Every structure is written in structure tokens, then in C-alpha cells.
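Take a look at the structure set out below.
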Amino acid sequence: MENTLQKVKTEVFTVAGKNGIPMAADATYIKSEKAMPVIIYAHGINGFKDWGGMDLIAQEFARQGFIFVKFNFSHNGTTPAHPMEFYDLNAYENDNYLTRQQDLSCLISFIEEEYHDWPVDHDALHLLGHSRGGIDALLFASDERIASLVTWSAPATAQTPWSKWDSEKMDLWKNNGVVYLENKRTHQKLPIGFQLYEEFKSHKNNLLNTEKAAREMQKPWLIAHGEDDEAVFVKEAYQLKEWQPQAQVALIENTGHTFDRRHPWEASKLPEASQKVVAETIRFLNKIKS
């Protein structure tokens, strides 16, 4: 019998995001004559498409019959030449929620318009977002092209990263026009422009209203969360569930925000918690297929 692992292939490409800025992306799948469902993965803040063993996650979904597409948002600080480095800090400073909504639309248009040879089932485009990417996915999920939503470790509001800041830090941010947060892994001082908060103030009752988006969600939705999440407390998952009682919830025991992954992830196997959240997600998506 042919080894399934040998069938999995990954195609690397770029997509023009907001203002034509190129976004590094890849699609992992098994060659097939029949159309296959697509999972579009949105990373979180200080993340990128290849963070912490995401290739292993992509391969597992591919083995289960999905096309797994992951990409770097246009303003997350990476570039196609530096896909795992925060290289363009000017872009990073100017990142915001509406920019990422445009990026998602650009990527999905690329998938829909078939500038590739993947066997896409156009009625089965699923969004998966981790952490802040979960909010990006939630806000975008009303798009008619999206069949379902999965959020991993997602906050309940579009207020990352300032939701827990006190008034003194908020005033400092406003007065300086930028705040610098240290990336604990790289020790870089990463700039976040005050424009991010101004965007939220302008659109918190409409385009960035996560409560409204959750309450109006009419598509299948899985809310997955680590019970010991130290970055986004599990109460956020309960809040999302309260807003949308039809959503399914999968709580993963004894794990935190990244389901025990870290970067770089050098092992050939995912940690148990990540295996569990992947399995829960595949189970959820397979029920939709059936």
C-alpha cells in the first residue's frame, strides 16, 4: 500500500493583499480527481502561517481529505522573503482589523477564481482562526462564500492587544501615537499604532461588533479553547457561546493558548493537546460534509 504521507504535497505561492501587498501562502493537500473542502487558516497576533508546527497541522488535515490553506496577513510584519521574521515594522505598526478583512477577501477570491490546480469544492470553504485570527474569522464569516467557522482560543471582542490595559497605558499610547510591545520570543520591540484603537472606536458598533457577528451567525461554528488558556481566558469562549447558543464548544483540558505548541516546533509529532483540537475540528467539519 502506498504511504499516505508521500501523497501529501504543499504548494507555495503569493497572493496580493490590501493595496497589492504580497502575502506568503501555501496549500497542503493530496492530489485528487474529486473536489475537496478547503480550510483557510488565519493566524493570530505575533503569529505567522508557519508558527509552531503549523505544517504538521496542515498535513493532518490534508490526510483527512481537506485542502489546508494558510497565509501571512499583509501587515503582520513578515514578507514573502522573510515569512517567519517580523521584518517590516512599518507594516506591523499599521495593521488593523479592516486590513485583515480585506486580506481574507483577497485570498478567498484567489481560491474561488482558480488561479491554481487544486480540486476545490466551492461550496465547502471553511474558516479557521487562532487567537486574534479567530476574531478576524468571526467578523468575516458572514461572507456568502464561507460555509462554516472554527475559532481556536479566540477573544470575544476585537480589542487585541489593549483589552486589559489600564487608563495610564492607554493615555501613553494616545499621546505617543504608538506603543511598543516586546515579543518574548524574539525580544523585538514591536510597534502598534494608535490607529488600531481609533479604528475600533469608529466601527465597534458595526463592522467590528463581535457580539452582533456572533448573534447573527447562521453557519456551523465550533468554538475550541484550552481550559488553562493564560492569554485569552476560557470565559471568552463562554461569552461567545452565550451570544450564539447554536455554536458547538470543545474545551481541551490541561492546555493553554497554543495547545502546547511553541516556535520553533522541531518535533515530528504534534503535542497531545494540539492533536486533540485538530481531531475535534476534523470531527466537526466531517459532520458538515455528511
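Letters A, B, ... go to the chains of the C-alpha cells in the order shown; residues in each chain start at 1; ligands are counted from 1 in the same order.
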At a cut-off of 10 Å, can you tabulate as a tab-separated table every residue of region 61-133 of chain A near region 180-196 of chain A together with its closest atom pair and the distance in Å to one decimal, using only C-alpha atoms and ordering rows by chain then number?
```
residue	atom	partner	partner_atom	distance
A:Gly77	CA	A:Leu190	CA	9.1
A:Glu85	CA	A:Thr186	CA	9.0
A:Phe86	CA	A:Leu190	CA	8.3
A:Leu89	CA	A:Pro191	CA	6.9
A:Asn90	CA	A:Pro191	CA	8.0
A:Ala91	CA	A:Pro191	CA	9.4
A:Tyr92	CA	A:Pro191	CA	6.8
A:Glu93	CA	A:Ile192	CA	4.5
A:Asn94	CA	A:Gly193	CA	5.9
A:Asp95	CA	A:Leu196	CA	7.3
A:Asn96	CA	A:Leu196	CA	5.5
A:Tyr97	CA	A:Leu196	CA	7.8
A:Leu98	CA	A:Leu196	CA	9.6
```
With C-alpha atoms kept, could you save the residues just selected as a PDB file, in the first residue's frame?
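result.pdb, freshly written:
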```
ATOM      1  CA  GLY A  77       5.362  42.289   9.741  1.00  0.00           C
ATOM      2  CA  GLU A  85      10.537  37.183  10.742  1.00  0.00           C
ATOM      3  CA  PHE A  86       8.993  40.476  11.864  1.00  0.00           C
ATOM      4  CA  LEU A  89       7.796  47.009  11.254  1.00  0.00           C
ATOM      5  CA  ASN A  90       6.153  49.901   9.426  1.00  0.00           C
ATOM      6  CA  ALA A  91       3.552  47.489   8.094  1.00  0.00           C
ATOM      7  CA  TYR A  92       3.222  45.936  11.547  1.00  0.00           C
ATOM      8  CA  GLU A  93       2.517  49.337  13.103  1.00  0.00           C
ATOM      9  CA  ASN A  94      -0.271  49.994  10.617  1.00  0.00           C
ATOM     10  CA  ASP A  95      -2.001  46.628  10.841  1.00  0.00           C
ATOM     11  CA  ASN A  96      -5.676  46.627  11.808  1.00  0.00           C
ATOM     12  CA  TYR A  97      -8.849  44.564  11.687  1.00  0.00           C
ATOM     13  CA  LEU A  98     -10.295  46.016   8.491  1.00  0.00           C
TER      14      LEU A  98
END
```
Can you check which residues of region 57-142 of chain A DSSP gives as helix (DSSP H, G or I) on the backbone and send them as a ChimeraX atom specification?
-> /A:57-63,89-93,97-112,132-140
Could you tell me which of A:Lys70, A:Lys235, A:Lys219, A:His122 comes closest to Ala141 (chain A) if we count only C-alpha atoms?
->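 Looking only at the distances to Ala141 (chain A), the closest residue turns out to be A:Lys219.
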Which value, in Å to one decimal, gives the distance between CA of Val69 (chain A) and CA of Met36 (chain A)?
-> 12.3 Å
Can you pull out every residue within 8 Å of region 252-266 of chain A, counting only C-alpha atoms, but drop anything in the same chain fewer than 2 positions away, and send it as a VMD selection string?
-> chain A and resid 51 to 53 131 153 224 to 232 250 268 270 to 274 276 to 277
Next, the residues of the selection above should be written as a PDB file, in the first residue's frame with N, CA and C atoms.
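The resulting again.pdb:
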```
ATOM      1  N   TRP A  51       4.066  29.244  12.103  1.00  0.00           N
ATOM      2  CA  TRP A  51       4.402  29.274  13.531  1.00  0.00           C
ATOM      3  C   TRP A  51       4.109  27.918  14.178  1.00  0.00           C
ATOM      4  N   GLY A  52       5.076  27.428  14.928  1.00  0.00           N
ATOM      5  CA  GLY A  52       4.836  26.324  15.846  1.00  0.00           C
ATOM      6  C   GLY A  52       4.270  25.048  15.256  1.00  0.00           C
ATOM      7  N   GLY A  53       4.832  24.564  14.178  1.00  0.00           N
ATOM      8  CA  GLY A  53       4.400  23.271  13.645  1.00  0.00           C
ATOM      9  C   GLY A  53       3.100  23.290  12.874  1.00  0.00           C
ATOM     10  N   SER A 131      -6.663  32.587  18.025  1.00  0.00           N
ATOM     11  CA  SER A 131      -6.449  33.787  18.821  1.00  0.00           C
ATOM     12  C   SER A 131      -7.088  34.995  18.117  1.00  0.00           C
ATOM     13  N   SER A 153      -9.081  29.410  20.590  1.00  0.00           N
ATOM     14  CA  SER A 153      -8.538  30.354  21.586  1.00  0.00           C
ATOM     15  C   SER A 153      -8.867  31.805  21.251  1.00  0.00           C
ATOM     16  N   ALA A 224     -13.327  26.311  19.980  1.00  0.00           N
ATOM     17  CA  ALA A 224     -12.383  25.442  20.694  1.00  0.00           C
ATOM     18  C   ALA A 224     -11.477  26.298  21.570  1.00  0.00           C
ATOM     19  N   HIS A 225     -11.217  25.835  22.785  1.00  0.00           N
ATOM     20  CA  HIS A 225     -10.443  26.650  23.725  1.00  0.00           C
ATOM     21  C   HIS A 225      -9.734  25.745  24.724  1.00  0.00           C
ATOM     22  N   GLY A 226      -8.520  26.103  25.075  1.00  0.00           N
ATOM     23  CA  GLY A 226      -7.812  25.410  26.142  1.00  0.00           C
ATOM     24  C   GLY A 226      -8.337  25.860  27.492  1.00  0.00           C
ATOM     25  N   GLU A 227      -8.631  24.910  28.376  1.00  0.00           N
ATOM     26  CA  GLU A 227      -9.208  25.272  29.668  1.00  0.00           C
ATOM     27  C   GLU A 227      -8.256  26.103  30.519  1.00  0.00           C
ATOM     28  N   ASP A 228      -6.956  25.961  30.290  1.00  0.00           N
ATOM     29  CA  ASP A 228      -5.968  26.689  31.090  1.00  0.00           C
ATOM     30  C   ASP A 228      -5.330  27.832  30.298  1.00  0.00           C
ATOM     31  N   ASP A 229      -6.045  28.352  29.324  1.00  0.00           N
ATOM     32  CA  ASP A 229      -5.511  29.430  28.483  1.00  0.00           C
ATOM     33  C   ASP A 229      -5.111  30.618  29.359  1.00  0.00           C
ATOM     34  N   GLU A 230      -3.838  30.965  29.295  1.00  0.00           N
ATOM     35  CA  GLU A 230      -3.294  32.039  30.111  1.00  0.00           C
ATOM     36  C   GLU A 230      -3.343  33.397  29.417  1.00  0.00           C
ATOM     37  N   ALA A 231      -3.576  33.409  28.106  1.00  0.00           N
ATOM     38  CA  ALA A 231      -3.594  34.651  27.331  1.00  0.00           C
ATOM     39  C   ALA A 231      -5.012  35.137  27.062  1.00  0.00           C
ATOM     40  N   VAL A 232      -5.879  34.228  26.679  1.00  0.00           N
ATOM     41  CA  VAL A 232      -7.298  34.527  26.460  1.00  0.00           C
ATOM     42  C   VAL A 232      -8.072  33.563  27.342  1.00  0.00           C
ATOM     43  N   ALA A 250     -15.726  23.023  22.184  1.00  0.00           N
ATOM     44  CA  ALA A 250     -14.798  21.949  22.532  1.00  0.00           C
ATOM     45  C   ALA A 250     -13.752  22.523  23.469  1.00  0.00           C
ATOM     46  N   SER A 268       8.674  15.888  15.280  1.00  0.00           N
ATOM     47  CA  SER A 268       7.976  15.385  14.092  1.00  0.00           C
ATOM     48  C   SER A 268       6.514  15.081  14.371  1.00  0.00           C
ATOM     49  N   LEU A 270       2.901  16.356  16.681  1.00  0.00           N
ATOM     50  CA  LEU A 270       2.235  17.413  17.434  1.00  0.00           C
ATOM     51  C   LEU A 270       2.060  17.003  18.898  1.00  0.00           C
ATOM     52  N   PRO A 271       2.042  17.974  19.827  1.00  0.00           N
ATOM     53  CA  PRO A 271       1.729  17.640  21.222  1.00  0.00           C
ATOM     54  C   PRO A 271       0.294  17.133  21.334  1.00  0.00           C
ATOM     55  N   GLU A 272       0.026  16.412  22.391  1.00  0.00           N
ATOM     56  CA  GLU A 272      -1.277  15.765  22.547  1.00  0.00           C
ATOM     57  C   GLU A 272      -2.436  16.762  22.491  1.00  0.00           C
ATOM     58  N   ALA A 273      -2.289  17.914  23.124  1.00  0.00           N
ATOM     59  CA  ALA A 273      -3.374  18.898  23.138  1.00  0.00           C
ATOM     60  C   ALA A 273      -3.682  19.397  21.732  1.00  0.00           C
ATOM     61  N   SER A 274      -2.644  19.612  20.922  1.00  0.00           N
ATOM     62  CA  SER A 274      -2.865  20.042  19.544  1.00  0.00           C
ATOM     63  C   SER A 274      -3.512  18.932  18.726  1.00  0.00           C
ATOM     64  N   LYS A 276      -5.583  16.842  19.886  1.00  0.00           N
ATOM     65  CA  LYS A 276      -6.984  16.815  20.305  1.00  0.00           C
ATOM     66  C   LYS A 276      -7.798  17.908  19.626  1.00  0.00           C
ATOM     67  N   VAL A 277      -7.258  19.133  19.551  1.00  0.00           N
ATOM     68  CA  VAL A 277      -8.040  20.206  18.947  1.00  0.00           C
ATOM     69  C   VAL A 277      -8.178  19.991  17.443  1.00  0.00           C
TER      70      VAL A 277
END
```
Just the residues within 8 Å of region 104-111 of chain A, please, counting only C-alpha atoms, with nothing from its chain fewer than 2 positions along; format it as a list in words.
->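 Near region 104-111 of chain A, the qualifying residues are Val15, Ala16, Gly17, Lys18, Arg100, Gln101, Gln102, Glu113, Glu114, Tyr115, His116, Val120 and Phe140 of chain A.
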Restricting the output to N, CA and C atoms, write the selected residues as a CSV table (one decimal), in the first residue's frame.
```
chain,number,residue,atom,x,y,z
A,15,VAL,N,-0.2,35.8,-2.7
A,15,VAL,CA,-1.4,36.5,-3.1
A,15,VAL,C,-1.3,38.0,-2.8
A,16,ALA,N,-1.9,38.8,-3.6
A,16,ALA,CA,-1.9,40.2,-3.4
A,16,ALA,C,-2.9,40.5,-2.3
A,17,GLY,N,-2.5,41.1,-1.2
A,17,GLY,CA,-3.5,41.5,-0.2
A,17,GLY,C,-3.9,43.0,-0.3
A,18,LYS,N,-4.2,43.6,0.8
A,18,LYS,CA,-4.6,45.0,0.7
A,18,LYS,C,-3.5,45.9,0.0
A,100,ARG,N,-7.1,43.3,7.6
A,100,ARG,CA,-7.1,41.8,7.6
A,100,ARG,C,-8.4,41.3,7.0
A,101,GLN,N,-9.5,42.0,7.1
A,101,GLN,CA,-10.7,41.6,6.4
A,101,GLN,C,-10.5,41.7,4.9
A,102,GLN,N,-9.9,42.7,4.4
A,102,GLN,CA,-9.5,42.8,3.0
A,102,GLN,C,-8.6,41.7,2.6
A,113,GLU,N,-11.3,31.9,-7.8
A,113,GLU,CA,-11.1,32.2,-9.2
A,113,GLU,C,-10.2,31.2,-9.9
A,114,GLU,N,-9.7,30.3,-9.1
A,114,GLU,CA,-8.9,29.1,-9.6
A,114,GLU,C,-7.6,29.5,-10.3
A,115,TYR,N,-6.8,30.4,-9.7
A,115,TYR,CA,-5.5,30.6,-10.2
A,115,TYR,C,-4.6,29.5,-9.7
A,116,HIS,N,-5.0,28.3,-9.8
A,116,HIS,CA,-4.3,27.2,-9.3
A,116,HIS,C,-4.9,25.9,-9.9
A,120,VAL,N,-10.9,22.2,-5.8
A,120,VAL,CA,-11.7,22.9,-4.7
A,120,VAL,C,-13.2,22.7,-4.8
A,140,PHE,N,-15.5,37.9,9.4
A,140,PHE,CA,-15.6,37.6,8.0
A,140,PHE,C,-16.6,36.5,7.7
```
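For the atom pair formed by CA of Ala154 (chain A) and CA of His130 (chain A), the distance is 6.2 Å, given to one decimal.
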Do you know which residues are at most 12 Å from Thr28 (chain A) counting only C-alpha atoms, after dropping those on the same chain fewer than 2 positions away, and could you put them as a VMD selection string?
-> chain A and resid 5 7 to 13 25 to 26 30 to 31 36 to 41 54 to 71 118 to 119
Just N, CA and C atoms for this one: save the residues we selected as a tab-separated table (two decimals), in the first residue's frame.
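File produced: result-v9.tsv:
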```
chain	number	residue	atom	x	y	z
A	5	LEU	N	1.66	9.49	3.57
A	5	LEU	CA	2.49	10.67	3.76
A	5	LEU	C	3.11	11.13	2.44
A	7	LYS	N	1.80	11.10	-0.40
A	7	LYS	CA	0.81	11.74	-1.27
A	7	LYS	C	0.61	13.21	-0.94
A	8	VAL	N	0.93	13.60	0.29
A	8	VAL	CA	0.67	14.97	0.71
A	8	VAL	C	1.67	15.91	0.04
A	9	LYS	N	1.15	16.96	-0.58
A	9	LYS	CA	2.02	17.94	-1.22
A	9	LYS	C	1.68	19.34	-0.72
A	10	THR	N	2.65	20.20	-0.72
A	10	THR	CA	2.44	21.59	-0.32
A	10	THR	C	2.90	22.50	-1.44
A	11	GLU	N	2.01	23.35	-1.87
A	11	GLU	CA	2.30	24.31	-2.94
A	11	GLU	C	2.44	25.70	-2.33
A	12	VAL	N	3.57	26.34	-2.55
A	12	VAL	CA	3.86	27.67	-2.00
A	12	VAL	C	3.56	28.72	-3.07
A	13	PHE	N	2.92	29.82	-2.66
A	13	PHE	CA	2.55	30.86	-3.61
A	13	PHE	C	2.41	32.20	-2.88
A	25	ALA	N	1.87	32.45	1.17
A	25	ALA	CA	0.80	31.50	1.43
A	25	ALA	C	1.22	30.12	0.95
A	26	ASP	N	0.49	29.10	1.40
A	26	ASP	CA	0.71	27.76	0.87
A	26	ASP	C	-0.56	26.93	1.02
A	30	ILE	N	-3.80	16.45	-0.79
A	30	ILE	CA	-3.49	15.22	-1.51
A	30	ILE	C	-4.15	15.31	-2.88
A	31	LYS	N	-3.41	15.04	-3.90
A	31	LYS	CA	-3.93	15.12	-5.26
A	31	LYS	C	-5.17	14.25	-5.39
A	36	MET	N	-12.52	18.92	-3.20
A	36	MET	CA	-12.30	18.73	-1.77
A	36	MET	C	-12.60	20.02	-1.00
A	37	PRO	N	-13.06	19.90	0.23
A	37	PRO	CA	-13.29	21.09	1.07
A	37	PRO	C	-11.98	21.79	1.39
A	38	VAL	N	-12.07	23.10	1.59
A	38	VAL	CA	-10.89	23.93	1.85
A	38	VAL	C	-10.99	24.53	3.25
A	39	ILE	N	-9.89	24.49	3.98
A	39	ILE	CA	-9.79	25.17	5.26
A	39	ILE	C	-8.82	26.34	5.09
A	40	ILE	N	-9.26	27.53	5.43
A	40	ILE	CA	-8.44	28.73	5.34
A	40	ILE	C	-8.06	29.14	6.75
A	41	TYR	N	-6.76	29.14	7.04
A	41	TYR	CA	-6.28	29.39	8.40
A	41	TYR	C	-5.79	30.83	8.56
A	54	MET	N	2.74	24.45	12.32
A	54	MET	CA	1.51	24.51	11.53
A	54	MET	C	1.58	23.61	10.30
A	55	ASP	N	2.79	23.30	9.83
A	55	ASP	CA	2.90	22.38	8.70
A	55	ASP	C	2.39	21.00	9.07
A	56	LEU	N	2.62	20.56	10.31
A	56	LEU	CA	2.11	19.27	10.76
A	56	LEU	C	0.59	19.27	10.83
A	57	ILE	N	0.03	20.38	11.28
A	57	ILE	CA	-1.42	20.51	11.33
A	57	ILE	C	-1.99	20.48	9.92
A	58	ALA	N	-1.37	21.21	9.00
A	58	ALA	CA	-1.82	21.22	7.60
A	58	ALA	C	-1.78	19.82	7.00
A	59	GLN	N	-0.73	19.08	7.28
A	59	GLN	CA	-0.59	17.73	6.74
A	59	GLN	C	-1.68	16.80	7.28
A	60	GLU	N	-2.02	16.95	8.56
A	60	GLU	CA	-3.06	16.10	9.14
A	60	GLU	C	-4.42	16.38	8.49
A	61	PHE	N	-4.73	17.65	8.29
A	61	PHE	CA	-5.99	17.97	7.61
A	61	PHE	C	-5.98	17.43	6.18
A	62	ALA	N	-4.84	17.54	5.51
A	62	ALA	CA	-4.74	17.03	4.14
A	62	ALA	C	-4.98	15.52	4.11
A	63	ARG	N	-4.42	14.79	5.06
A	63	ARG	CA	-4.63	13.35	5.10
A	63	ARG	C	-6.08	12.98	5.34
A	64	GLN	N	-6.83	13.90	5.93
A	64	GLN	CA	-8.25	13.67	6.20
A	64	GLN	C	-9.15	14.20	5.07
A	65	GLY	N	-8.54	14.59	3.93
A	65	GLY	CA	-9.33	14.94	2.76
A	65	GLY	C	-9.63	16.40	2.58
A	66	PHE	N	-8.88	17.28	3.25
A	66	PHE	CA	-9.08	18.72	3.12
A	66	PHE	C	-7.89	19.36	2.39
A	67	ILE	N	-8.15	20.48	1.76
A	67	ILE	CA	-7.09	21.37	1.28
A	67	ILE	C	-6.89	22.40	2.37
A	68	PHE	N	-5.69	22.47	2.92
A	68	PHE	CA	-5.42	23.38	4.03
A	68	PHE	C	-4.59	24.55	3.51
A	69	VAL	N	-5.18	25.74	3.53
A	69	VAL	CA	-4.51	26.95	3.03
A	69	VAL	C	-4.19	27.85	4.20
A	70	LYS	N	-2.91	28.21	4.34
A	70	LYS	CA	-2.50	29.14	5.38
A	70	LYS	C	-1.69	30.26	4.74
A	71	PHE	N	-1.73	31.42	5.38
A	71	PHE	CA	-1.10	32.59	4.76
A	71	PHE	C	-0.70	33.58	5.84
A	118	TRP	N	-5.84	23.21	-7.71
A	118	TRP	CA	-6.36	22.43	-6.60
A	118	TRP	C	-7.81	22.03	-6.90
A	119	PRO	N	-8.22	20.85	-6.46
A	119	PRO	CA	-9.60	20.41	-6.70
A	119	PRO	C	-10.56	20.97	-5.65
```
For Thr14 (chain A): contacts at 7 Å, only C-alpha atoms, fewer than 4 positions along chain excluded, given as a PyMOL selection string = chain A and resi 22-25
For C-alpha atoms, I'd like the residues from the last selection saved as a short mmCIF file (atom, residue, chain, number, x, y, z; two decimals), in the first residue's frame.
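Below you can see again.cif, which holds the result:
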```
data_model
loop_
_atom_site.label_atom_id
_atom_site.label_comp_id
_atom_site.auth_asym_id
_atom_site.auth_seq_id
_atom_site.Cartn_x
_atom_site.Cartn_y
_atom_site.Cartn_z
CA PRO A 22 2.12 40.32 -1.45
CA MET A 23 1.20 37.74 1.18
CA ALA A 24 3.13 34.50 1.53
CA ALA A 25 0.80 31.50 1.43
#
```
Which value, in Å to one decimal, gives the distance between CA of Glu33 (chain A) and CA of Asp117 (chain A)?
-> 10.7 Å
Selection: 7 Å around Phe48 (chain A), only C-alpha atoms, excl. self and same-chain fewer than 5 positions, as a ChimeraX atom specification | /A:43,72,84
Which residue out of A:Gln159, A:Thr151, A:Ser167, A:Gln244 has the minimum interatomic distance to Glu199 (chain A) when only C-alpha atoms are used?
-> A:Gln159
If you run DSSP over the backbone, which residues in region 19-268 of chain A end up strand (DSSP E)? Put them as number ranges by chain.
-> A: 22-30, 36-42, 67-71, 120-130, 148-152, 178-182, 189-193, 221-226, 248-252
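For the choices A:Asn176, A:Thr157, A:Ser148, A:Asn209, the atom-to-atom distance to Thr281 (chain A) is smallest for A:Ser148 when using only C-alpha atoms.
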Counting only C-alpha atoms, figure out which residue out of A:Lys164, A:Lys34, A:Glu211, A:Lys269 gets nearest to Leu139 (chain A).
->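 Counting only C-alpha atoms, the residue closest to Leu139 (chain A) is A:Glu211.
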